Amino acid sequence: MSVIRAVVRGVGHYLPERVVPNSEFEKTLDTSDEWIRTRSGIERRHFAAEGETTSQMATHAARAALENAGLQPDDIDAIVLATSTPDLTFPSVATMVQAELGMTRGFGFDVQAVCAGFIFALTNANALIVSGQARRILVIGAETFSRIMDWTDRSTCVLFGDGAGALVLEARQGQGDSSDRGVLAADLNSDGRYRDMLYVDGGVSTTGQAGHLRMQGNALFRQAVGKLTETAEAALAKVGLSDADVDWLVPHQANIRIIQGTAKKMGLPMERVVLTIQDHGNTSAASIPLALSVAAGRGQIEKGQILVAEAIGGGLAWGAVVLRW
């Protein structure tokens with residue numbers, strides 16, 4: 001049976017120029033490069049320059065993805081952008097990117113699911129393509145988490161970085177089975193009872209200020225491995241696949257121990273896991289598209305391979321997408 005599939009046509013990313021090694025935090029915090037590396041796997045991260053915004057980074061990533069796809073802005077029907085750190089309360093970052101690209105048609109909107117944001121955005125973009133609402137969509141994850149850090153909290157401020165990644169999804173015909181290229185299945189979840197594990201202590205209707213990130217790291221870790229494994233396997237099962245069929249696990253780059261624990265539970269060697277955490281830190285919704293773009297640039301990911309992307313973030317919100325590259 002012929003079906004419409006959302007196939008990845010292009011990929012791109014952007015990282016701010018400023019690179020911040022772990023050693024820089026030793027000047028102001030009771031921490032060390034060894035402490036950060038052994039507990040998180042992070043060695044360095046990028047911070048946005050003064051005045052550099054989420055929409056600007058997203059636009060750079062979008063242009064890179066369009067170039068990779070061999071397309072122009074007006075070839076795109078929609079922009080679905082995941083972020084928790086928008087330039088303004090409104091309008092959406094997606095519409096700002098639309099304007100910066102010179103895109104004079106289509107529509108754009110933001111998705112907010114914190115670190116799981118790109119998974120939710122990708123799932124929404126897939127649904128728009130499958131339903132015939134759009135033929136080509138830019139799916140972007142972009143964050144400036146350096147703007148919401150409490151620089152006195154050594155347990156959180158050393159973990160996060162800034163950046164953006166983008167994919168171009170395009171509608172193509174498929175046979176309706178797991179041999180198709182493109183998004184094959186998705187699994188989304190949330191449970192608001194766990195919101196205190198990861199949140200920002202500010203907002204429009206409460207403090208009127210952006211606030212700072214707060215996290216219960218140990219509690220979140222205990223939730224993460226189980227939920228990430230379950231959602232990945234649920235997504236695979238929807239299309240008749242199993243852990244053994246996975247060529248690449250592309251996890252949210254939050255903590256090396258979470259990544260290792262999830263891979264172990266899925267029976268995947270670390271050689272089949274895309275890792276960028278050492279260079280980027282946790283870039284929240286930008287994490288997975290950044291990893292995909294870097295891995296594609298390295299030549300790790302090859303056409304026809306099965307990928308599982310999975311993430312968990314504040315909400316709690318978590319999910320996974322299975323796609324054939």
# chains A, B, ... in the order shown; residues from 1 in each chain; ligands from 1
$ select_by_dssp --residues "segment 6-61 of chain A" --states "strand (DSSP E or B)" --output "ChimeraX atom specification"
/A:6-14,18-21,44-47
$ write_last_selection --atoms "C-alpha atoms" --output "mmCIF file, in the first residue's frame"
data_model
loop_
_atom_site.group_PDB
_atom_site.id
_atom_site.type_symbol
_atom_site.label_atom_id
_atom_site.label_comp_id
_atom_site.auth_asym_id
_atom_site.auth_seq_id
_atom_site.Cartn_x
_atom_site.Cartn_y
_atom_site.Cartn_z
ATOM 1 C CA ALA A 6 8.419 12.372 5.761
ATOM 2 C CA VAL A 7 11.987 11.807 4.555
ATOM 3 C CA VAL A 8 15.065 13.727 5.704
ATOM 4 C CA ARG A 9 16.378 15.628 2.687
ATOM 5 C CA GLY A 10 18.868 17.942 4.385
ATOM 6 C CA VAL A 11 20.490 18.636 7.748
ATOM 7 C CA GLY A 12 22.506 21.492 9.228
ATOM 8 C CA HIS A 13 23.581 23.089 12.488
ATOM 9 C CA TYR A 14 25.089 26.167 14.071
ATOM 10 C CA ARG A 18 32.656 31.092 22.015
ATOM 11 C CA VAL A 19 33.858 27.732 23.333
ATOM 12 C CA VAL A 20 33.833 27.345 27.125
ATOM 13 C CA PRO A 21 36.012 24.531 28.512
ATOM 14 C CA ARG A 44 33.274 21.934 26.678
ATOM 15 C CA ARG A 45 30.223 23.788 25.429
ATOM 16 C CA HIS A 46 29.395 26.845 23.307
ATOM 17 C CA PHE A 47 27.828 30.041 24.681
#
$ select_by_dssp --residues "segment 126-202 of chain A" --states "helix (DSSP H, G or I)" --output "PyMOL selection string"
chain A and resi 126-130+145-148+192-197
$ write_last_selection --atoms "C-alpha atoms" --output "compact mmCIF listing (two decimals), in the first residue's frame"
# COMPACT_ATOMS: atom_id res chain seq x y z
CA ASN A 126 5.68 14.31 10.31
CA ALA A 127 1.93 14.50 10.98
CA LEU A 128 1.63 17.68 8.88
CA ILE A 129 3.36 15.97 5.97
CA VAL A 130 1.47 12.70 6.25
CA PHE A 145 20.21 28.11 27.85
CA SER A 146 23.13 30.26 28.99
CA ARG A 147 20.53 33.02 29.49
CA ILE A 148 18.69 31.10 32.24
CA GLY A 192 3.14 16.68 34.94
CA ARG A 193 3.45 15.16 38.40
CA TYR A 194 7.23 15.25 37.95
CA ARG A 195 7.51 18.93 37.04
CA ASP A 196 9.61 19.85 40.09
CA MET A 197 12.46 17.66 38.85
$ residues_around --residues "segment 272-287 of chain A" --least-positions-apart "2" --cutoff "8 Å" --atoms "only C-alpha atoms" --output "PyMOL selection string"
chain A and resi 41-46+82-84+113-118+140-145+159-165+247-256+263+268-270+289-292+294-295+313
$ residues_around --residues "Asp191 of chain A" --least-positions-apart "6" --cutoff "7 Å" --atoms "only C-alpha atoms" --output "PyMOL selection string"
chain A and resi 315-317
$ write_last_selection --atoms "N, CA and C atoms" --output "compact mmCIF listing (two decimals), in the first residue's frame"
# COMPACT_ATOMS: atom_id res chain seq x y z
N GLY A 315 8.83 18.60 32.49
CA GLY A 315 7.41 18.32 32.29
C GLY A 315 6.85 17.32 33.28
N LEU A 316 7.40 16.15 33.42
CA LEU A 316 8.36 15.58 32.49
C LEU A 316 7.71 15.28 31.14
N ALA A 317 8.49 15.42 30.08
CA ALA A 317 8.05 15.05 28.74
C ALA A 317 9.13 14.19 28.12
$ atom_distance --atom1 "atom CA of Gln72 of chain A" --atom2 "atom CA of Leu167 of chain A"
13.7 Å
$ atom_distance --atom1 "atom CA of Glu26 of chain A" --atom2 "atom CA of Gln209 of chain A"
28.6 Å
$ atom_distance --atom1 "atom CA of Leu307 of chain A" --atom2 "atom CA of Arg172 of chain A"
18.3 Å
$ closest_residue --among "A:Thr28, A:Val225, A:Asp177, A:Leu81" --to "Met57 of chain A" --atoms "only C-alpha atoms"
A:Leu81
